[in-house]
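K.L.:
Attaching a single structure in structure tokens format; questions to follow.
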Amino acid sequence: MAKTLIVRYSQIGDVLILLPILNSLAKQYPEDEFTVLTNPKFSGIFEQMPSNISLYPMVYRKQNIPLRGLVHLYHRYKLLAKLFFSKKYDKVAILQDGTFDVQLDKILSAKGSKVTRIDFSDFLSKKRLQNKDDLTLFKMYISILSRLDYYNLNNEFDLSYYTAPERQNRVLQSVGLDSTGTLIGIAPFSRINAKMYPLDKMEKVIEYYHNHREDVQIVILGGGEQEKRKADEWKERYPGIESLINKLSFDEEISVISACKTVVSMDSANMHLAAFVGTPVVSIWGPGDPRLGFYPVNEKEEHAVQKQLSCRPCSFWGEIPCVNPNIYECMDIEPQIIIDKVNNLI
């Protein structure tokens, strides 16, 4: 029986791509014991997995505390020490490549663990921006785990806990939503501004459903105080919509998304969250492209909205400033295009 550590804690969307693989891994190798160093907000999801896989909570930088950088560094080194002096892991798969991950590779290799660490140098190379291939993050995860002799893994997860009608109804009713209506989730925000569809255009989408579809209820998804203020402004203008920002736990939000007919999202965590629970996603792409490897595994690419321009994709996630004279022309997409996509799904 092998004891295996798997590391992936950054980028919620990238972790969501991994979770079904982990579920498949635990089911196919029941004699092995798996520990996953990741974001503790996924604890509810791990409770739905086989008993031979567990979550090890990663430490994160805390907001609004004195010397938070030094405090964060201290806790990271403390975690490295704890992992070094704890039980020995026979196998270690490190599925990201930051400074912490390089250090973890070194100390666990020195302890005698068989360590394999992902290398993103080719995956994130500039040549892939214009010469797109079929390489995906999902396939890279599968490849890394195969180096540890884990094979035939797939995209599978039992979602019955989140999609059970009684649970959905309970969560929806707790925030004043009609469980018998047609719900459309809209996740209009992104922490990277370049990936965000202009909010005035997104408001046109909301306005359409408010004025023309009484059978539809719009649910605004996201997080953050600034985002909440914008959603509250929309609610004042369009009283039929409901903002769920900062109102639900992560697990409760999953159940709401699973009850939606579709979700409109940027290339963001909510896109992956909707795809994870099987809700069709109308995703809006600007500087990036679905074919660069971050698109959800079980989502149809025809649902994606993107403008065909010679200059795009220009980056993987909007990290490079736009050089188009018509700045961010890639996001100059008519709201009606999004409305038409949504209408085809509800």
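FYI, nothing fancy with the structure tokens labels: chains A, B, ... in order, residues from 1 per chain, ligands from 1 as they appear.
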At a cut-off of 8 Å, can you tabulate as JSON lines every residue of region 80-132 of chain A near region 299-316 of chain A together with its closest atom pair and the distance in Å to one decimal, using only C-alpha atoms and ordering rows by chain then number?
P.N.:
```
{"residue": "A:Leu124", "atom": "CA", "partner": "A:Phe316", "partner_atom": "CA", "distance": 7.4}
{"residue": "A:Leu129", "atom": "CA", "partner": "A:Pro313", "partner_atom": "CA", "distance": 5.9}
{"residue": "A:Gln130", "atom": "CA", "partner": "A:Pro313", "partner_atom": "CA", "distance": 7.1}
```
K.L.:
Distance table requested - region 146-174 of chain A against region 35-46 of chain A, cut-off 12 Å, only C-alpha atoms: one row per qualifying residue with the closest atom pair and its distance in Å to one decimal, ordered by chain and rising residue number, as a Markdown table.
P.N.:
```
| residue | atom | partner | partner_atom | distance |
| --- | --- | --- | --- | --- |
| A:Phe157 | CA | A:Ile45 | CA | 9.8 |
| A:Asp158 | CA | A:Ile45 | CA | 10.0 |
| A:Leu159 | CA | A:Ile45 | CA | 9.3 |
| A:Ser160 | CA | A:Ile45 | CA | 11.4 |
| A:Tyr161 | CA | A:Ile45 | CA | 9.4 |
| A:Tyr162 | CA | A:Ile45 | CA | 9.3 |
```
K.L.:
Could you please take those selected residues and save N, CA and C atoms as a PDB file, in the first residue's frame?
P.N.:
```
ATOM      1  N   PHE A 157     -17.168  11.859 -11.265  1.00  0.00           N
ATOM      2  CA  PHE A 157     -17.482  12.313  -9.907  1.00  0.00           C
ATOM      3  C   PHE A 157     -18.969  12.118  -9.651  1.00  0.00           C
ATOM      4  N   ASP A 158     -19.310  11.601  -8.483  1.00  0.00           N
ATOM      5  CA  ASP A 158     -20.712  11.418  -8.096  1.00  0.00           C
ATOM      6  C   ASP A 158     -21.223  12.728  -7.510  1.00  0.00           C
ATOM      7  N   LEU A 159     -22.117  13.388  -8.250  1.00  0.00           N
ATOM      8  CA  LEU A 159     -22.603  14.710  -7.856  1.00  0.00           C
ATOM      9  C   LEU A 159     -23.944  14.662  -7.127  1.00  0.00           C
ATOM     10  N   SER A 160     -24.390  13.468  -6.777  1.00  0.00           N
ATOM     11  CA  SER A 160     -25.749  13.328  -6.237  1.00  0.00           C
ATOM     12  C   SER A 160     -25.960  14.139  -4.964  1.00  0.00           C
ATOM     13  N   TYR A 161     -24.911  14.325  -4.166  1.00  0.00           N
ATOM     14  CA  TYR A 161     -25.064  15.113  -2.939  1.00  0.00           C
ATOM     15  C   TYR A 161     -25.487  16.541  -3.269  1.00  0.00           C
ATOM     16  N   TYR A 162     -24.851  17.130  -4.288  1.00  0.00           N
ATOM     17  CA  TYR A 162     -25.114  18.528  -4.635  1.00  0.00           C
ATOM     18  C   TYR A 162     -26.371  18.700  -5.471  1.00  0.00           C
TER      19      TYR A 162
END
```
K.L.:
Report as a PyMOL selection string all protein, DNA and RNA residues lying within 12 Å of Gly278 (chain A), evaluated on only C-alpha atoms, omitting residues in the same chain fewer than 6 positions from it.
P.N.:
chain A and resi 155-160+162-163+254-255+257-263+271-272+296-300
K.L.:
Please provide as a list in words all residues within 8 Å of region 175-184 of chain A, with the sequence filter that same-chain residues fewer than 2 positions apart are discarded (counting only C-alpha atoms).
P.N.:
Gln168, Asn169, Val171, Leu172, Gln173, Ile186, Asp215, Val216, Gln217, Ile218, Val219, Glu242, Leu244, Lys247, Ala259, Cys260, Lys261, Thr262, Val263, Val264 and Ile346 of chain A
K.L.:
Point out the residue among A:Ala2, A:Leu221, A:Met58, A:Val7 with the least atom-to-atom distance to Lys88 (chain A), counting only C-alpha atoms.
P.N.:
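Of A:Ala2, A:Leu221, A:Met58, A:Val7, the one nearest Lys88 (chain A), counting only C-alpha atoms, is A:Ala2.
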K.L.:
Suppose you want the space between CA of Cys322 (chain A) and CA of Ser283 (chain A); what is it in Å?
P.N.:
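Taking CA of Cys322 (chain A) and CA of Ser283 (chain A), their separation equals 20.4 Å.
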K.L.:
Which residue out of A:Lys87, A:Lys132, A:Arg213, A:Arg167 has the minimum interatomic distance to Glu253 (chain A) when only C-alpha atoms are used?
P.N.:
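The closest residue to Glu253 (chain A) is A:Arg167.
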K.L.:
Please report, as a PyMOL selection string, each residue of region 4-221 of chain A to which DSSP assigns strand (DSSP E) when run on this structure's backbone.
P.N.:
chain A and resi 4-7+33-38+53-57+91-94+114-117+182-187+216-220
K.L.:
I'd like the neighbourhood of Met140 (chain A) as a PDB file with N, CA, C and O atoms, in the first residue's frame, where a residue qualifies if any of its atoms comes within 12 Å (using only C-alpha atoms), though same-chain residues fewer than 4 positions away should be ignored.
P.N.:
```
ATOM      1  N   ASP A  14      -8.268  25.551 -11.736  1.00  0.00           N
ATOM      2  CA  ASP A  14      -7.315  24.491 -12.059  1.00  0.00           C
ATOM      3  C   ASP A  14      -7.449  23.314 -11.100  1.00  0.00           C
ATOM      4  O   ASP A  14      -7.233  22.161 -11.493  1.00  0.00           O
ATOM      5  N   ILE A  17     -10.476  21.204 -12.188  1.00  0.00           N
ATOM      6  CA  ILE A  17     -10.154  20.284 -13.282  1.00  0.00           C
ATOM      7  C   ILE A  17      -9.561  18.992 -12.716  1.00  0.00           C
ATOM      8  O   ILE A  17      -9.798  17.890 -13.235  1.00  0.00           O
ATOM      9  N   LEU A  18      -8.819  19.110 -11.625  1.00  0.00           N
ATOM     10  CA  LEU A  18      -8.138  17.966 -11.024  1.00  0.00           C
ATOM     11  C   LEU A  18      -9.065  17.062 -10.210  1.00  0.00           C
ATOM     12  O   LEU A  18      -8.862  15.837 -10.161  1.00  0.00           O
ATOM     13  N   ILE A  21     -10.325  13.690 -11.431  1.00  0.00           N
ATOM     14  CA  ILE A  21      -9.205  12.763 -11.595  1.00  0.00           C
ATOM     15  C   ILE A  21      -8.851  12.140 -10.255  1.00  0.00           C
ATOM     16  O   ILE A  21      -8.602  10.931 -10.150  1.00  0.00           O
ATOM     17  N   ALA A  93       3.203  13.778  -6.149  1.00  0.00           N
ATOM     18  CA  ALA A  93       2.929  14.439  -7.429  1.00  0.00           C
ATOM     19  C   ALA A  93       2.697  15.918  -7.151  1.00  0.00           C
ATOM     20  O   ALA A  93       1.719  16.278  -6.493  1.00  0.00           O
ATOM     21  N   ILE A  94       3.600  16.761  -7.624  1.00  0.00           N
ATOM     22  CA  ILE A  94       3.482  18.202  -7.429  1.00  0.00           C
ATOM     23  C   ILE A  94       2.981  18.797  -8.738  1.00  0.00           C
ATOM     24  O   ILE A  94       3.695  18.832  -9.733  1.00  0.00           O
ATOM     25  N   LEU A  95       1.741  19.278  -8.722  1.00  0.00           N
ATOM     26  CA  LEU A  95       1.063  19.685  -9.957  1.00  0.00           C
ATOM     27  C   LEU A  95       1.063  21.193 -10.156  1.00  0.00           C
ATOM     28  O   LEU A  95       0.160  21.746 -10.771  1.00  0.00           O
ATOM     29  N   GLN A  96       2.074  21.858  -9.639  1.00  0.00           N
ATOM     30  CA  GLN A  96       2.342  23.264  -9.932  1.00  0.00           C
ATOM     31  C   GLN A  96       3.805  23.500  -9.661  1.00  0.00           C
ATOM     32  O   GLN A  96       4.497  22.620  -9.123  1.00  0.00           O
ATOM     33  N   ARG A 117       7.305  16.392 -10.581  1.00  0.00           N
ATOM     34  CA  ARG A 117       6.758  17.755 -10.538  1.00  0.00           C
ATOM     35  C   ARG A 117       6.438  18.216 -11.952  1.00  0.00           C
ATOM     36  O   ARG A 117       7.222  18.016 -12.876  1.00  0.00           O
ATOM     37  N   ILE A 118       5.304  18.857 -12.103  1.00  0.00           N
ATOM     38  CA  ILE A 118       4.856  19.320 -13.408  1.00  0.00           C
ATOM     39  C   ILE A 118       5.777  20.421 -13.934  1.00  0.00           C
ATOM     40  O   ILE A 118       6.346  21.196 -13.160  1.00  0.00           O
ATOM     41  N   ASP A 119       5.941  20.472 -15.243  1.00  0.00           N
ATOM     42  CA  ASP A 119       6.755  21.497 -15.906  1.00  0.00           C
ATOM     43  C   ASP A 119       5.867  22.210 -16.924  1.00  0.00           C
ATOM     44  O   ASP A 119       5.424  21.609 -17.897  1.00  0.00           O
ATOM     45  N   PHE A 120       5.610  23.495 -16.684  1.00  0.00           N
ATOM     46  CA  PHE A 120       4.716  24.257 -17.542  1.00  0.00           C
ATOM     47  C   PHE A 120       5.439  25.012 -18.656  1.00  0.00           C
ATOM     48  O   PHE A 120       4.817  25.799 -19.366  1.00  0.00           O
ATOM     49  N   ASP A 122       6.653  24.306 -21.614  1.00  0.00           N
ATOM     50  CA  ASP A 122       6.112  24.133 -22.967  1.00  0.00           C
ATOM     51  C   ASP A 122       4.644  24.525 -23.022  1.00  0.00           C
ATOM     52  O   ASP A 122       4.195  25.171 -23.980  1.00  0.00           O
ATOM     53  N   PHE A 123       3.902  24.142 -22.001  1.00  0.00           N
ATOM     54  CA  PHE A 123       2.466  24.410 -21.969  1.00  0.00           C
ATOM     55  C   PHE A 123       2.162  25.901 -22.036  1.00  0.00           C
ATOM     56  O   PHE A 123       1.201  26.333 -22.681  1.00  0.00           O
ATOM     57  N   ASP A 134      -3.402  20.065 -28.966  1.00  0.00           N
ATOM     58  CA  ASP A 134      -4.454  19.442 -28.165  1.00  0.00           C
ATOM     59  C   ASP A 134      -4.021  19.213 -26.724  1.00  0.00           C
ATOM     60  O   ASP A 134      -4.659  18.459 -25.982  1.00  0.00           O
ATOM     61  N   LEU A 135      -2.948  19.861 -26.301  1.00  0.00           N
ATOM     62  CA  LEU A 135      -2.469  19.727 -24.925  1.00  0.00           C
ATOM     63  C   LEU A 135      -3.408  20.475 -23.982  1.00  0.00           C
ATOM     64  O   LEU A 135      -3.783  21.619 -24.240  1.00  0.00           O
ATOM     65  N   THR A 136      -3.792  19.825 -22.902  1.00  0.00           N
ATOM     66  CA  THR A 136      -4.682  20.449 -21.917  1.00  0.00           C
ATOM     67  C   THR A 136      -4.127  20.223 -20.518  1.00  0.00           C
ATOM     68  O   THR A 136      -3.306  19.312 -20.280  1.00  0.00           O
ATOM     69  N   ILE A 144       1.370  13.324 -15.411  1.00  0.00           N
ATOM     70  CA  ILE A 144       2.208  13.362 -14.220  1.00  0.00           C
ATOM     71  C   ILE A 144       1.898  12.174 -13.310  1.00  0.00           C
ATOM     72  O   ILE A 144       2.804  11.510 -12.790  1.00  0.00           O
ATOM     73  N   LEU A 145       0.627  11.877 -13.118  1.00  0.00           N
ATOM     74  CA  LEU A 145       0.247  10.768 -12.236  1.00  0.00           C
ATOM     75  C   LEU A 145       0.661   9.422 -12.824  1.00  0.00           C
ATOM     76  O   LEU A 145       0.954   8.475 -12.079  1.00  0.00           O
ATOM     77  N   SER A 146       0.734   9.333 -14.151  1.00  0.00           N
ATOM     78  CA  SER A 146       1.181   8.074 -14.769  1.00  0.00           C
ATOM     79  C   SER A 146       2.656   7.798 -14.453  1.00  0.00           C
ATOM     80  O   SER A 146       3.075   6.643 -14.429  1.00  0.00           O
ATOM     81  N   ARG A 147       3.430   8.845 -14.206  1.00  0.00           N
ATOM     82  CA  ARG A 147       4.836   8.655 -13.823  1.00  0.00           C
ATOM     83  C   ARG A 147       4.959   7.972 -12.467  1.00  0.00           C
ATOM     84  O   ARG A 147       6.012   7.431 -12.134  1.00  0.00           O
ATOM     85  N   LEU A 153      -6.925   6.846 -15.616  1.00  0.00           N
ATOM     86  CA  LEU A 153      -7.732   7.776 -14.823  1.00  0.00           C
ATOM     87  C   LEU A 153      -8.659   8.560 -15.743  1.00  0.00           C
ATOM     88  O   LEU A 153      -8.341   8.809 -16.904  1.00  0.00           O
ATOM     89  N   GLY A 293      -5.966  25.016 -23.484  1.00  0.00           N
ATOM     90  CA  GLY A 293      -5.805  23.937 -22.512  1.00  0.00           C
ATOM     91  C   GLY A 293      -6.496  24.103 -21.183  1.00  0.00           C
ATOM     92  O   GLY A 293      -6.423  23.215 -20.339  1.00  0.00           O
ATOM     93  N   PHE A 294      -7.178  25.243 -20.971  1.00  0.00           N
ATOM     94  CA  PHE A 294      -7.835  25.465 -19.683  1.00  0.00           C
ATOM     95  C   PHE A 294      -9.354  25.314 -19.756  1.00  0.00           C
ATOM     96  O   PHE A 294     -10.053  25.616 -18.788  1.00  0.00           O
TER      97      PHE A 294
END
```
